[in-house]
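Structure file coords-v9.tsv (TSV, C-alpha atoms and all ligand atoms) follows.
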```
chain	number	residue	atom	x	y	z
A	1	MET	CA	-37.31	264.72	-53.92
A	2	ASN	CA	-35.79	261.45	-52.85
A	3	MET	CA	-38.86	259.26	-52.72
A	4	ASN	CA	-37.75	257.16	-55.69
A	5	GLY	CA	-34.18	256.63	-54.66
A	6	THR	CA	-32.27	259.30	-56.54
A	7	PRO	CA	-31.23	262.00	-56.15
A	8	LEU	CA	-31.39	262.67	-52.42
A	9	ALA	CA	-30.01	266.22	-52.62
A	10	PRO	CA	-31.67	269.25	-54.24
A	11	GLU	CA	-31.19	269.23	-58.00
A	12	PRO	CA	-29.68	272.24	-59.79
A	13	THR	CA	-32.57	274.24	-61.24
A	14	SER	CA	-32.87	277.27	-63.45
A	15	THR	CA	-36.44	278.55	-63.66
A	16	GLY	CA	-37.76	281.57	-61.71
A	17	PRO	CA	-39.32	280.19	-58.51
A	18	ASP	CA	-36.69	277.44	-58.39
A	19	MET	CA	-33.90	280.01	-58.67
A	20	GLU	CA	-35.50	281.96	-55.83
A	21	LEU	CA	-35.62	278.75	-53.75
A	22	GLU	CA	-31.98	277.95	-54.55
A	23	HIS	CA	-31.02	281.50	-53.64
A	24	ARG	CA	-32.76	281.24	-50.24
A	25	ARG	CA	-31.31	277.80	-49.54
A	26	ALA	CA	-27.81	279.04	-50.46
A	27	ALA	CA	-28.19	281.97	-48.03
A	28	ILE	CA	-29.43	279.67	-45.25
A	29	ALA	CA	-26.50	277.32	-45.89
A	30	ALA	CA	-24.00	280.20	-45.94
A	31	LEU	CA	-25.20	281.40	-42.52
A	32	GLY	CA	-25.20	277.80	-41.25
A	33	HIS	CA	-21.60	277.35	-42.39
A	34	GLU	CA	-20.43	280.48	-40.55
A	35	LEU	CA	-22.38	279.50	-37.42
A	36	ARG	CA	-20.78	276.05	-37.39
A	37	THR	CA	-17.39	277.75	-37.68
A	38	LEU	CA	-18.39	279.97	-34.74
A	39	VAL	CA	-19.58	276.97	-32.70
A	40	ASP	CA	-16.29	275.18	-33.37
A	41	ALA	CA	-14.26	278.27	-32.44
A	42	THR	CA	-16.40	278.68	-29.29
A	43	VAL	CA	-15.86	275.15	-27.99
A	44	ARG	CA	-12.11	275.34	-28.72
A	45	THR	CA	-11.17	278.81	-27.59
A	46	GLU	CA	-9.11	279.58	-24.54
A	47	ALA	CA	-9.52	283.33	-25.07
A	48	ALA	CA	-9.54	285.63	-22.03
A	49	PRO	CA	-12.86	286.43	-20.24
A	50	ASP	CA	-12.89	290.01	-21.60
A	51	THR	CA	-12.67	288.66	-25.13
A	52	LEU	CA	-15.50	286.19	-24.45
A	53	HIS	CA	-17.70	289.01	-23.04
A	54	GLY	CA	-16.94	291.09	-26.13
A	55	VAL	CA	-17.85	288.24	-28.48
A	56	ALA	CA	-21.06	287.57	-26.47
A	57	ALA	CA	-22.08	291.22	-26.97
A	58	GLY	CA	-21.33	290.94	-30.68
A	59	VAL	CA	-23.46	287.80	-30.99
A	60	ARG	CA	-26.34	289.56	-29.14
A	61	GLY	CA	-26.15	292.24	-31.82
A	62	LEU	CA	-26.34	289.60	-34.56
A	63	VAL	CA	-29.40	287.96	-33.01
A	64	ALA	CA	-31.14	291.34	-33.06
A	65	ARG	CA	-30.66	291.43	-36.85
A	66	LEU	CA	-32.63	288.21	-37.42
A	67	THR	CA	-35.92	290.07	-37.39
A	68	GLY	CA	-39.20	289.69	-39.28
A	69	ARG	CA	-41.60	286.78	-39.31
A	70	ARG	CA	-40.47	283.68	-37.42
A	71	ARG	CA	-41.81	280.26	-38.14
A	72	THR	CA	-44.22	278.66	-35.70
A	73	ARG	CA	-43.63	275.32	-33.98
A	74	ALA	CA	-45.35	272.95	-36.41
A	75	GLU	CA	-44.86	274.97	-39.59
A	76	ILE	CA	-42.97	273.25	-42.41
A	77	PRO	CA	-40.64	275.83	-43.98
A	78	ASP	CA	-41.18	276.34	-47.71
A	79	VAL	CA	-37.46	275.74	-48.31
A	80	ASP	CA	-37.98	272.17	-47.05
A	81	GLU	CA	-39.39	269.01	-48.62
A	82	PHE	CA	-41.46	266.94	-46.19
A	83	PRO	CA	-41.73	264.04	-45.76
A	84	GLY	CA	-38.57	262.52	-47.16
A	85	GLY	CA	-36.37	265.30	-48.54
A	86	THR	CA	-34.30	268.39	-47.82
A	87	ARG	CA	-34.63	269.81	-44.31
A	88	MET	CA	-32.49	272.95	-44.21
A	89	ASN	CA	-32.40	273.15	-40.40
A	90	SER	CA	-32.35	269.48	-39.50
A	91	PRO	CA	-29.92	268.99	-36.59
A	92	VAL	CA	-28.40	266.10	-38.56
A	93	THR	CA	-28.52	266.90	-42.31
A	94	GLY	CA	-29.37	270.60	-42.28
A	95	THR	CA	-26.79	272.77	-44.02
A	96	GLY	CA	-28.42	275.73	-42.23
A	97	SER	CA	-28.11	274.19	-38.77
A	98	PRO	CA	-25.40	275.43	-36.40
A	99	VAL	CA	-25.23	272.02	-34.70
A	100	ALA	CA	-25.57	269.58	-37.63
A	101	PRO	CA	-22.28	267.93	-38.73
A	102	PRO	CA	-24.06	268.10	-41.40
A	103	LEU	CA	-24.61	264.57	-42.74
A	104	ARG	CA	-24.60	264.37	-46.58
A	105	VAL	CA	-26.95	261.62	-47.76
A	106	THR	CA	-26.66	259.75	-51.07
A	107	PRO	CA	-28.09	256.48	-52.39
A	108	SER	CA	-25.94	253.45	-51.62
A	109	ASP	CA	-24.31	251.29	-54.33
A	110	ASP	CA	-26.15	248.38	-52.71
A	111	ASP	CA	-29.63	248.84	-51.27
A	112	GLY	CA	-30.23	251.67	-48.84
A	113	VAL	CA	-28.52	254.97	-48.24
A	114	VAL	CA	-25.11	256.25	-47.21
A	115	GLY	CA	-24.27	259.32	-45.15
A	116	ARG	CA	-20.94	261.09	-44.84
A	117	CYS	CA	-19.87	263.59	-42.21
A	118	VAL	CA	-17.14	264.66	-39.82
A	119	LEU	CA	-17.96	265.18	-36.14
A	120	GLY	CA	-16.27	268.09	-34.36
A	121	ILE	CA	-15.47	268.98	-30.78
A	122	ALA	CA	-19.02	270.33	-30.42
A	123	HIS	CA	-20.18	266.70	-30.77
A	124	GLU	CA	-17.74	265.33	-28.20
A	125	GLY	CA	-18.52	262.66	-25.63
A	126	PRO	CA	-15.32	261.08	-24.25
A	127	PRO	CA	-12.36	263.40	-25.01
A	128	GLY	CA	-11.48	263.02	-28.69
A	129	TYR	CA	-14.51	260.87	-29.52
A	130	GLY	CA	-18.12	261.44	-30.51
A	131	HIS	CA	-20.98	261.53	-28.02
A	132	GLY	CA	-23.02	258.30	-28.12
A	133	GLY	CA	-26.17	260.38	-28.47
A	134	PHE	CA	-24.82	261.91	-31.68
A	135	SER	CA	-24.12	258.42	-33.05
A	136	ALA	CA	-27.73	257.52	-32.25
A	137	MET	CA	-28.90	260.68	-33.97
A	138	LEU	CA	-26.85	259.99	-37.13
A	139	LEU	CA	-28.20	256.44	-37.35
A	140	ASP	CA	-31.80	257.34	-36.49
A	141	GLU	CA	-31.82	260.03	-39.15
A	142	LEU	CA	-30.19	257.94	-41.88
A	143	MET	CA	-32.51	255.02	-41.12
A	144	GLY	CA	-35.40	257.47	-41.60
A	145	TRP	CA	-33.93	258.40	-45.01
A	146	ALA	CA	-33.66	254.69	-45.88
A	147	CYS	CA	-37.42	254.35	-45.25
A	148	ALA	CA	-38.19	257.48	-47.28
A	149	ALA	CA	-35.92	256.33	-50.14
A	150	GLU	CA	-38.19	253.28	-50.43
A	151	GLY	CA	-41.20	255.56	-50.79
A	152	THR	CA	-42.46	255.01	-47.23
A	153	PRO	CA	-41.48	257.89	-44.90
A	154	ALA	CA	-41.79	256.61	-41.34
A	155	MET	CA	-41.06	257.37	-37.69
A	156	THR	CA	-38.82	255.46	-35.28
A	157	VAL	CA	-40.68	253.33	-32.75
A	158	SER	CA	-37.61	251.49	-31.47
A	159	LEU	CA	-33.86	251.87	-31.88
A	160	GLN	CA	-31.22	249.54	-30.47
A	161	LEU	CA	-27.52	250.34	-30.74
A	162	GLY	CA	-24.27	248.47	-30.19
A	163	TYR	CA	-21.31	250.72	-29.38
A	164	ARG	CA	-18.36	248.55	-30.43
A	165	GLY	CA	-15.65	251.18	-30.65
A	166	PRO	CA	-15.37	254.91	-29.99
A	167	VAL	CA	-16.17	257.18	-32.97
A	168	PRO	CA	-13.20	259.50	-33.59
A	169	LEU	CA	-13.76	263.25	-33.97
A	170	GLU	CA	-12.38	265.19	-36.96
A	171	THR	CA	-12.35	261.99	-39.00
A	172	PRO	CA	-14.43	261.31	-42.14
A	173	LEU	CA	-17.24	258.93	-41.21
A	174	LEU	CA	-19.35	256.58	-43.29
A	175	VAL	CA	-22.89	255.88	-42.07
A	176	ARG	CA	-25.01	253.22	-43.74
A	177	ALA	CA	-28.66	252.28	-43.43
A	178	GLY	CA	-31.07	250.01	-45.25
A	179	VAL	CA	-34.52	248.50	-44.89
A	180	THR	CA	-34.28	244.75	-44.32
A	181	ALA	CA	-37.96	243.79	-43.99
A	182	ARG	CA	-41.44	245.27	-43.94
A	183	GLU	CA	-44.88	244.15	-42.75
A	184	ASN	CA	-47.75	246.51	-43.52
A	185	ARG	CA	-46.72	249.93	-42.14
A	186	THR	CA	-43.79	248.53	-40.10
A	187	LEU	CA	-40.24	248.63	-41.46
A	188	HIS	CA	-37.17	246.90	-40.01
A	189	VAL	CA	-33.99	248.84	-40.63
A	190	THR	CA	-30.31	248.23	-39.89
A	191	GLY	CA	-27.42	250.66	-39.94
A	192	SER	CA	-23.80	251.22	-38.98
A	193	ILE	CA	-21.14	253.87	-38.49
A	194	ALA	CA	-17.52	253.30	-39.55
A	195	THR	CA	-14.63	255.51	-40.58
A	196	GLU	CA	-14.09	256.14	-44.29
A	197	ALA	CA	-10.55	254.82	-43.77
A	198	ASP	CA	-11.74	251.49	-42.33
A	199	PRO	CA	-15.23	251.05	-43.75
A	200	THR	CA	-15.59	247.33	-43.00
A	201	ARG	CA	-15.05	247.72	-39.23
A	202	PRO	CA	-18.31	249.05	-37.72
A	203	LEU	CA	-17.88	251.22	-34.63
A	204	VAL	CA	-21.61	251.50	-34.00
A	205	THR	CA	-24.34	249.17	-35.24
A	206	GLY	CA	-28.07	249.76	-35.07
A	207	GLU	CA	-31.34	247.92	-35.48
A	208	ALA	CA	-34.58	249.81	-35.59
A	209	VAL	CA	-38.28	249.52	-36.20
A	210	PHE	CA	-39.99	252.34	-38.09
A	211	VAL	CA	-43.72	252.83	-38.61
A	212	THR	CA	-45.46	254.89	-41.27
A	213	PRO	CA	-48.30	256.65	-39.42
A	214	ASN	CA	-51.73	256.01	-40.90
A	215	PRO	CA	-52.99	259.03	-42.91
A	216	ASP	CA	-55.33	260.36	-40.16
A	217	HIS	CA	-52.60	260.07	-37.56
A	218	ALA	CA	-50.11	261.75	-39.91
A	219	ARG	CA	-52.49	264.69	-40.53
A	220	ASN	CA	-52.88	265.15	-36.77
A	221	LEU	CA	-49.12	264.92	-36.14
A	222	PHE	CA	-48.09	267.15	-39.05
A	223	PRO	CA	-50.94	269.66	-39.72
A	224	GLY	CA	-48.56	271.67	-41.94
A	225	MET	CA	-47.93	268.69	-44.30
B	1	LIG	C1	-49.12	259.29	-44.93
B	1	LIG	C2	-47.70	260.00	-44.90
B	1	LIG	C3	-47.10	259.98	-43.57
B	1	LIG	C4	-45.77	260.68	-43.51
B	1	LIG	C5	-45.16	260.67	-42.18
B	1	LIG	C6	-43.69	260.94	-42.26
B	1	LIG	C7	-42.96	260.94	-40.96
B	1	LIG	C8	-41.51	261.19	-41.21
B	1	LIG	C9	-40.95	262.11	-40.20
B	1	LIG	C10	-39.73	262.59	-40.31
B	1	LIG	C11	-38.76	262.12	-41.32
B	1	LIG	C12	-37.46	262.89	-41.29
B	1	LIG	C13	-36.81	262.92	-39.95
B	1	LIG	C14	-36.27	261.59	-39.60
B	1	LIG	C15	-35.87	261.60	-38.17
B	1	LIG	C16	-35.56	260.24	-37.69
B	1	LIG	C17	-36.79	259.57	-37.24
B	1	LIG	C18	-37.26	260.08	-35.92
B	1	LIG	O1	-36.52	260.46	-35.07
B	1	LIG	S1	-38.93	260.09	-35.68
B	1	LIG	C19	-39.11	260.75	-34.00
B	1	LIG	C20	-39.14	259.69	-32.93
B	1	LIG	N1	-40.30	258.83	-33.09
B	1	LIG	C21	-41.51	259.20	-32.66
B	1	LIG	O2	-41.74	260.25	-32.09
B	1	LIG	C22	-42.63	258.21	-32.91
B	1	LIG	C23	-43.60	258.11	-31.74
B	1	LIG	N2	-44.61	257.13	-32.06
B	1	LIG	C24	-45.78	257.48	-32.61
B	1	LIG	O3	-46.09	258.66	-32.74
B	1	LIG	C25	-46.67	256.35	-33.10
B	1	LIG	O4	-46.21	255.14	-32.58
B	1	LIG	C26	-46.67	256.27	-34.64
B	1	LIG	C27	-47.35	257.53	-35.24
B	1	LIG	C28	-45.30	256.09	-35.25
B	1	LIG	C29	-47.50	255.05	-35.08
B	1	LIG	O5	-48.77	255.17	-34.55
B	1	LIG	P1	-50.02	254.55	-35.34
B	1	LIG	O6	-51.20	254.78	-34.44
B	1	LIG	O7	-50.11	255.09	-36.74
B	1	LIG	O8	-49.63	253.04	-35.49
B	1	LIG	P2	-49.86	251.82	-34.47
B	1	LIG	O9	-51.21	251.29	-34.82
B	1	LIG	O10	-49.58	252.19	-33.07
B	1	LIG	O11	-48.71	250.79	-34.95
B	1	LIG	C30	-48.56	250.47	-36.35
B	1	LIG	C31	-47.76	249.19	-36.45
B	1	LIG	O12	-46.46	249.38	-35.85
B	1	LIG	C32	-46.22	248.35	-34.85
B	1	LIG	N3	-45.41	248.92	-33.75
B	1	LIG	C33	-45.70	249.99	-33.01
B	1	LIG	N4	-44.73	250.20	-32.10
B	1	LIG	C34	-43.82	249.21	-32.27
B	1	LIG	C35	-42.57	248.89	-31.65
B	1	LIG	N5	-42.07	249.65	-30.65
B	1	LIG	N6	-41.89	247.84	-32.10
B	1	LIG	C36	-42.38	247.06	-33.12
B	1	LIG	N7	-43.56	247.34	-33.76
B	1	LIG	C37	-44.26	248.39	-33.33
B	1	LIG	C38	-47.62	247.98	-34.40
B	1	LIG	O13	-47.63	246.66	-33.86
B	1	LIG	C39	-48.42	248.05	-35.71
B	1	LIG	O14	-48.17	246.90	-36.47
B	1	LIG	P3	-49.34	246.21	-37.41
B	1	LIG	O15	-49.83	247.31	-38.36
B	1	LIG	O16	-50.42	245.82	-36.44
B	1	LIG	O17	-48.68	245.09	-38.10
```
Please render this file's structure as structure tokens.
Ligand SMILES: CCCCCCCC/C=C\CCCCCCCC(=O)SCCNC(=O)CCNC(=O)[C@H](O)C(C)(C)COP(=O)(O)OP(=O)(O)OC[C@H]1O[C@@H](n2cnc3c(N)ncnc32)[C@H](O)[C@@H]1OP(=O)(O)O
Amino acid sequence: MNMNGTPLAPEPTSTGPDMELEHRRAAIAALGHELRTLVDATVRTEAAPDTLHGVAAGVRGLVARLTGRRRTRAEIPDVDEFPGGTRMNSPVTGTGSPVAPPLRVTPSDDDGVVGRCVLGIAHEGPPGYGHGGFSAMLLDELMGWACAAEGTPAMTVSLQLGYRGPVPLETPLLVRAGVTARENRTLHVTGSIATEADPTRPLVTGEAVFVTPNPDHARNLFPGM
């Protein structure tokens, strides 16, 4: 769990049920890794139409192998920690997600949290640069982790961004977020995206307001919690 600041990633464990959990998470992450490689190959390829039809048929065959029980819409998978922890299929941090960069979150040396990732061509907006929506997603997510790291998981109620420079693809990125103020259930959060190579020059800056739903509201929103 990350509710007390550290660590924000799953800890190595050794007992029975924990080993089983690690085993399942490792398998989910292994499939996620291969799918991200497939997504990258798909958005880059200039292969001939016959090849693309052949690959499409192969992928249909793979989908047919993912049988058995499927999770329902609001179900919280038992490989996840909610609120404020590992989400295996998060589109931002999920190591099992085909579309996540994925963002690796750690506590910051100062207050707040830091995320590291590399965007690929699948995340492209202008040629060679990240889509502004992906920047928003990285910041929104990391700001959510900043709230959770303070022990108050919360949801975004407003998010304002400044796009100061384009975010380069295939370049290590440094995302930062921290809570700057709180009143009752409302948290004010700031964040930024820079390159690892030039960490003091923010390319995107963000200011957000997050709110921790009251317990009744939270039970209605997340019946699986
Ligand atoms: C008990 C445990 C609870 C655990 C819950 C954990 C949740 C964590 C979820 C996931 C974490 C991991 C993933 C992160 C992902 C990144 C974050 C996202 O993308 S979240 C998705 C996008 N956001 C939404 O879909 C929200 C939509 N909004 C709502 O559903 C409601 O507004 C909600 C539940 C957030 C609050 O509803 P109310 O009924 O509980 O609260 P009211 O009474 O309306 O407001 C509370 C306070 O907030 C202020 N407030 C409300 N809106 C504001 C705004 N736009 N700007 C400034 N303040 C605002 C109000 O003035 C009020 O302040 P005053 O208590 O009186 O001091």
Select, from A:Leu38, A:Leu169, A:Ile28, A:Ala149, the residue with the minimum atom-to-atom distance to ligand LIG 1 (chain B), counting all atoms listed in the file. A:Ala149
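Using all atoms listed in the file, the contacts of Gly165 in chain A at a cut-off of 10 Å, with sequence neighbours closer than 4 positions omitted, comprise Tyr129, Ile193, Ala194, Arg201, Pro202, Leu203 and Val204 of chain A.
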Test item: residues lying within 10 Å of ligand LIG 1 (chain B) with all atoms listed in the file, as number ranges by chain: A: 81-87, 90-93, 136-148, 151-159, 182-188, 208-222, 225
With distances taken over all atoms listed in the file, which of A:Leu174, A:Glu150, A:Val63, A:Leu161 is nearest to Gly112 in chain A? A:Glu150
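The two atoms in question, CA of Ser97 in chain A and CA of Glu34 in chain A, are spaced 10.1 Å apart.
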In Å, rounded to a single decimal, give me how far CA of Asp40 in chain A is from CA of Arg164 in chain A.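 Spanning CA of Arg164 in chain A to CA of Asp40 in chain A is a straight-line distance of 26.9 Å.
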Identify which of the residues A:Ala41, A:Ile76, A:Ala177, A:Ala29 lies closest to Val105 in chain A, counting all atoms listed in the file when measuring atom-to-atom distances.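 Of A:Ala41, A:Ile76, A:Ala177, A:Ala29, the one nearest Val105 in chain A is A:Ala177, counting all atoms listed in the file.
Compared by their closest atoms to Pro101 in chain A, and using all atoms listed in the file, the residues A:Gly68, A:Pro166, A:Gly128, A:Gly115 rank with A:Gly115 nearest.
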Straight-line distance linking CA of Glu20 in chain A with CA of Gly32 in chain A, stated in Å to one decimal: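 These two atoms are separated by 18.3 Å.
In this comparison, which uses all atoms listed in the file, the residue of A:Ala122, A:Ala100, A:Ala56, A:Met88 approaching Arg25 in chain A most closely is A:Met88.
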Using all atoms listed in the file and a cutoff of 12 Å, can you tell me which residues are near (-46.4, 276.1, -34.1) in the file's coordinates, and write them out as a PyMOL selection string? chain A and resi 70-77+221-224
Can you tell me which residues surround Pro168 in chain A at a distance of at most 10 Å, considering only C-alpha atoms, apart from same-chain residues fewer than 5 positions away, and format the answer as a list in words? Val118, Leu119, Gly120, Glu124, Pro126, Pro127, Gly128, Tyr129, Gly130, His131, Leu173, Ala194, Thr195 and Leu203 of chain A
